[in-house]
>>> print(open('coords.pdb').read())   # PDB, C-alpha atoms
ATOM      1  CA  MET P 261     182.606 -64.223 234.588  1.00  0.00           C
ATOM      2  CA  GLN P 262     185.945 -62.588 233.887  1.00  0.00           C
ATOM      3  CA  SER P 263     187.418 -65.849 232.675  1.00  0.00           C
ATOM      4  CA  HIS P 264     187.565 -64.618 229.057  1.00  0.00           C
ATOM      5  CA  GLY P 265     189.927 -61.824 229.991  1.00  0.00           C
ATOM      6  CA  PHE P 266     187.657 -59.104 228.573  1.00  0.00           C
ATOM      7  CA  SER P 267     184.728 -57.383 230.168  1.00  0.00           C
ATOM      8  CA  LYS P 268     181.792 -56.067 228.157  1.00  0.00           C
ATOM      9  CA  ASP P 269     183.135 -52.546 228.541  1.00  0.00           C
ATOM     10  CA  ASP P 270     186.529 -53.572 227.194  1.00  0.00           C
ATOM     11  CA  TYR P 271     184.844 -55.324 224.270  1.00  0.00           C
ATOM     12  CA  ILE P 272     182.705 -52.252 223.519  1.00  0.00           C
ATOM     13  CA  LEU P 273     185.754 -49.972 223.687  1.00  0.00           C
ATOM     14  CA  THR P 274     187.657 -52.288 221.329  1.00  0.00           C
ATOM     15  CA  LEU P 275     184.747 -52.271 218.862  1.00  0.00           C
ATOM     16  CA  LYS P 276     184.492 -48.478 219.062  1.00  0.00           C
ATOM     17  CA  LYS P 277     188.222 -48.176 218.376  1.00  0.00           C
ATOM     18  CA  GLN P 278     187.929 -50.503 215.381  1.00  0.00           C
ATOM     19  CA  LEU P 279     184.975 -48.500 214.048  1.00  0.00           C
ATOM     20  CA  GLU P 280     186.891 -45.234 214.439  1.00  0.00           C
ATOM     21  CA  ASP P 281     189.876 -46.726 212.596  1.00  0.00           C
ATOM     22  CA  GLN P 282     187.611 -47.924 209.791  1.00  0.00           C
ATOM     23  CA  LYS P 283     185.940 -44.525 209.638  1.00  0.00           C
ATOM     24  CA  LYS P 284     189.357 -42.835 209.257  1.00  0.00           C
ATOM     25  CA  GLN P 285     190.311 -45.280 206.508  1.00  0.00           C
ATOM     26  CA  TYR P 286     187.051 -44.647 204.643  1.00  0.00           C
ATOM     27  CA  GLU P 287     187.505 -40.889 204.978  1.00  0.00           C
ATOM     28  CA  GLN P 288     191.001 -41.216 203.509  1.00  0.00           C
ATOM     29  CA  VAL P 289     189.650 -43.306 200.621  1.00  0.00           C
ATOM     30  CA  ILE P 290     186.886 -40.756 199.978  1.00  0.00           C
ATOM     31  CA  SER P 291     189.365 -37.891 200.135  1.00  0.00           C
ATOM     32  CA  SER P 292     191.661 -39.691 197.701  1.00  0.00           C
ATOM     33  CA  LYS P 293     188.762 -40.334 195.328  1.00  0.00           C
ATOM     34  CA  ASP P 294     187.682 -36.684 195.559  1.00  0.00           C
ATOM     35  CA  GLU P 295     191.209 -35.623 194.605  1.00  0.00           C
ATOM     36  CA  THR P 296     191.159 -38.064 191.682  1.00  0.00           C
ATOM     37  CA  ILE P 297     187.801 -36.700 190.521  1.00  0.00           C
ATOM     38  CA  SER P 298     189.085 -33.130 190.734  1.00  0.00           C
ATOM     39  CA  SER P 299     192.189 -34.085 188.797  1.00  0.00           C
ATOM     40  CA  LEU P 300     190.100 -35.810 186.121  1.00  0.00           C
ATOM     41  CA  LYS P 301     187.818 -32.770 185.858  1.00  0.00           C
ATOM     42  CA  GLU P 302     190.868 -30.551 185.307  1.00  0.00           C
ATOM     43  CA  THR P 303     192.167 -32.964 182.673  1.00  0.00           C
ATOM     44  CA  ILE P 304     188.794 -32.904 180.911  1.00  0.00           C
ATOM     45  CA  ALA P 305     188.703 -29.095 180.987  1.00  0.00           C
ATOM     46  CA  THR P 306     192.240 -28.924 179.581  1.00  0.00           C
ATOM     47  CA  SER P 307     191.397 -31.456 176.886  1.00  0.00           C
ATOM     48  CA  GLN P 308     188.228 -29.546 175.981  1.00  0.00           C
ATOM     49  CA  LYS P 309     190.220 -26.326 175.656  1.00  0.00           C
ATOM     50  CA  SER P 310     192.798 -28.075 173.476  1.00  0.00           C
ATOM     51  CA  TYR P 311     189.994 -29.506 171.340  1.00  0.00           C
ATOM     52  CA  ASP P 312     188.389 -26.065 170.958  1.00  0.00           C
ATOM     53  CA  ASP P 313     191.772 -24.560 170.042  1.00  0.00           C
ATOM     54  CA  MET P 314     192.270 -27.275 167.411  1.00  0.00           C
ATOM     55  CA  LYS P 315     188.805 -26.600 165.988  1.00  0.00           C
ATOM     56  CA  ASP P 316     189.625 -22.891 165.774  1.00  0.00           C
ATOM     57  CA  GLN P 317     192.925 -23.654 164.050  1.00  0.00           C
ATOM     58  CA  LEU P 318     191.159 -25.953 161.582  1.00  0.00           C
ATOM     59  CA  ALA P 319     188.621 -23.220 160.823  1.00  0.00           C
ATOM     60  CA  VAL P 320     191.475 -20.791 160.128  1.00  0.00           C
ATOM     61  CA  LYS P 321     193.161 -23.362 157.886  1.00  0.00           C
ATOM     62  CA  ASP P 322     189.865 -23.981 156.051  1.00  0.00           C
ATOM     63  CA  ASN P 323     189.545 -20.241 155.448  1.00  0.00           C
ATOM     64  CA  GLN P 324     193.141 -20.087 154.236  1.00  0.00           C
ATOM     65  CA  ILE P 325     192.556 -23.012 151.874  1.00  0.00           C
ATOM     66  CA  THR P 326     189.392 -21.380 150.530  1.00  0.00           C
ATOM     67  CA  ALA P 327     191.218 -18.092 149.982  1.00  0.00           C
ATOM     68  CA  LEU P 328     194.159 -19.869 148.344  1.00  0.00           C
ATOM     69  CA  THR P 329     191.795 -21.817 146.070  1.00  0.00           C
ATOM     70  CA  LYS P 330     190.127 -18.569 144.999  1.00  0.00           C
ATOM     71  CA  LEU P 331     193.515 -16.988 144.319  1.00  0.00           C
ATOM     72  CA  THR P 332     194.614 -20.016 142.308  1.00  0.00           C
ATOM     73  CA  ASN P 333     191.400 -19.995 140.287  1.00  0.00           C
ATOM     74  CA  ASN P 334     191.769 -16.274 139.658  1.00  0.00           C
ATOM     75  CA  ALA P 335     195.385 -16.741 138.567  1.00  0.00           C
ATOM     76  CA  GLN P 336     194.396 -19.544 136.195  1.00  0.00           C
ATOM     77  CA  THR P 337     191.549 -17.455 134.807  1.00  0.00           C
ATOM     78  CA  LEU P 338     193.854 -14.487 134.268  1.00  0.00           C
ATOM     79  CA  ASN P 339     196.387 -16.752 132.587  1.00  0.00           C
ATOM     80  CA  LEU P 340     193.716 -18.083 130.221  1.00  0.00           C
ATOM     81  CA  VAL P 341     192.434 -14.569 129.475  1.00  0.00           C
ATOM     82  CA  ASP P 342     195.946 -13.431 128.677  1.00  0.00           C
ATOM     83  CA  LYS P 343     196.407 -16.335 126.252  1.00  0.00           C
ATOM     84  CA  ASP P 344     192.974 -16.339 124.591  1.00  0.00           C
ATOM     85  CA  PRO P 345     190.265 -13.931 125.846  1.00  0.00           C
ATOM     86  CA  LYS P 346     187.594 -15.329 123.505  1.00  0.00           C
ATOM     87  CA  ARG P 347     188.150 -18.897 124.691  1.00  0.00           C
ATOM     88  CA  ILE P 348     187.512 -18.035 128.349  1.00  0.00           C
ATOM     89  CA  GLN P 349     184.267 -16.231 127.506  1.00  0.00           C
ATOM     90  CA  ALA P 350     183.001 -19.147 125.477  1.00  0.00           C
ATOM     91  CA  ALA P 351     184.018 -21.712 128.090  1.00  0.00           C
ATOM     92  CA  HIS P 352     182.547 -20.009 131.152  1.00  0.00           C
ATOM     93  CA  GLY P 353     179.629 -18.057 129.717  1.00  0.00           C
ATOM     94  CA  ASN P 354     178.255 -14.696 130.704  1.00  0.00           C
ATOM     95  CA  ALA P 355     178.261 -15.395 134.462  1.00  0.00           C
ATOM     96  CA  GLU P 356     182.037 -15.729 134.548  1.00  0.00           C
ATOM     97  CA  THR P 357     182.455 -12.669 132.356  1.00  0.00           C
ATOM     98  CA  LYS P 358     180.367 -10.610 134.776  1.00  0.00           C
ATOM     99  CA  SER P 359     182.372 -11.791 137.783  1.00  0.00           C
ATOM    100  CA  GLU P 360     185.636 -11.030 135.975  1.00  0.00           C
ATOM    101  CA  GLN P 361     184.419  -7.549 135.143  1.00  0.00           C
ATOM    102  CA  SER P 362     183.429  -6.931 138.753  1.00  0.00           C
ATOM    103  CA  SER P 363     186.810  -8.188 139.992  1.00  0.00           C
ATOM    104  CA  SER P 364     188.601  -5.949 137.518  1.00  0.00           C
ATOM    105  CA  ASP P 365     186.452  -3.045 138.752  1.00  0.00           C
ATOM    106  CA  GLU P 366     187.566  -3.873 142.301  1.00  0.00           C
ATOM    107  CA  LYS P 367     191.199  -3.814 141.159  1.00  0.00           C
ATOM    108  CA  LYS P 368     190.675  -0.349 139.666  1.00  0.00           C
ATOM    109  CA  ASP P 369     189.203   0.792 142.984  1.00  0.00           C
ATOM    110  CA  ASP P 370     192.235  -0.635 144.797  1.00  0.00           C
ATOM    111  CA  PHE P 371     194.593   1.403 142.653  1.00  0.00           C
ATOM    112  CA  LYS P 372     192.654   4.585 143.409  1.00  0.00           C
ATOM    113  CA  ASN P 373     193.098   4.117 147.156  1.00  0.00           C
TER     114      ASN P 373
END
>>> encode(input="coords.pdb", output="structure tokens")
Amino acid sequence: MQSHGFSKDDYILTLKKQLEDQKKQYEQVISSKDETISSLKETIATSQKSYDDMKDQLAVKDNQITALTKLTNNAQTLNLVDKDPKRIQAAHGNAETKSEQSSSDEKKDDFKN
């Protein structure tokens, strides 16, 4: 019965060795994939932080643009008032006149401080 050169025990040992080798290979593949997943998670977290930072910067820029627009409008209004006070009152009505008076009151308060 030993004509094949292998006994059942030898065959079983060979199969066990092959299974152990395959198990090691699979463990290495799983470990490599776990490292890749961890790396991708870190990349996502970094990208999310960068995105949040960009959103914050855009919000600051939006606020700066709004403030600059208000300053520009105020400068134009003051320029028109200097040239023709009656024209600005007629063009913008009582609501604008009230806001101009309140802003001039604020300027007086600023000078007192």
>>> atom_distance(input="coords.pdb", atom1="atom CA of P:Asn323", atom2="atom CA of P:Thr337")
20.9 Å
>>> atom_distance(input="coords.pdb", atom1="atom CA of P:Leu338", atom2="atom CA of P:Asp322")
24.1 Å
>>> atom_distance(input="coords.pdb", atom1="atom CA of P:Lys276", atom2="atom CA of P:Val289")
19.8 Å
>>> axis_aligned_box(input="coords.pdb", around="stretch 302-309 of chain P", padding_each_side="8 Å", output="JSON")
{"center_x": 190.2, "center_y": -29.6, "center_z": 180.5, "size_x": 20.0, "size_y": 22.6, "size_z": 25.7}
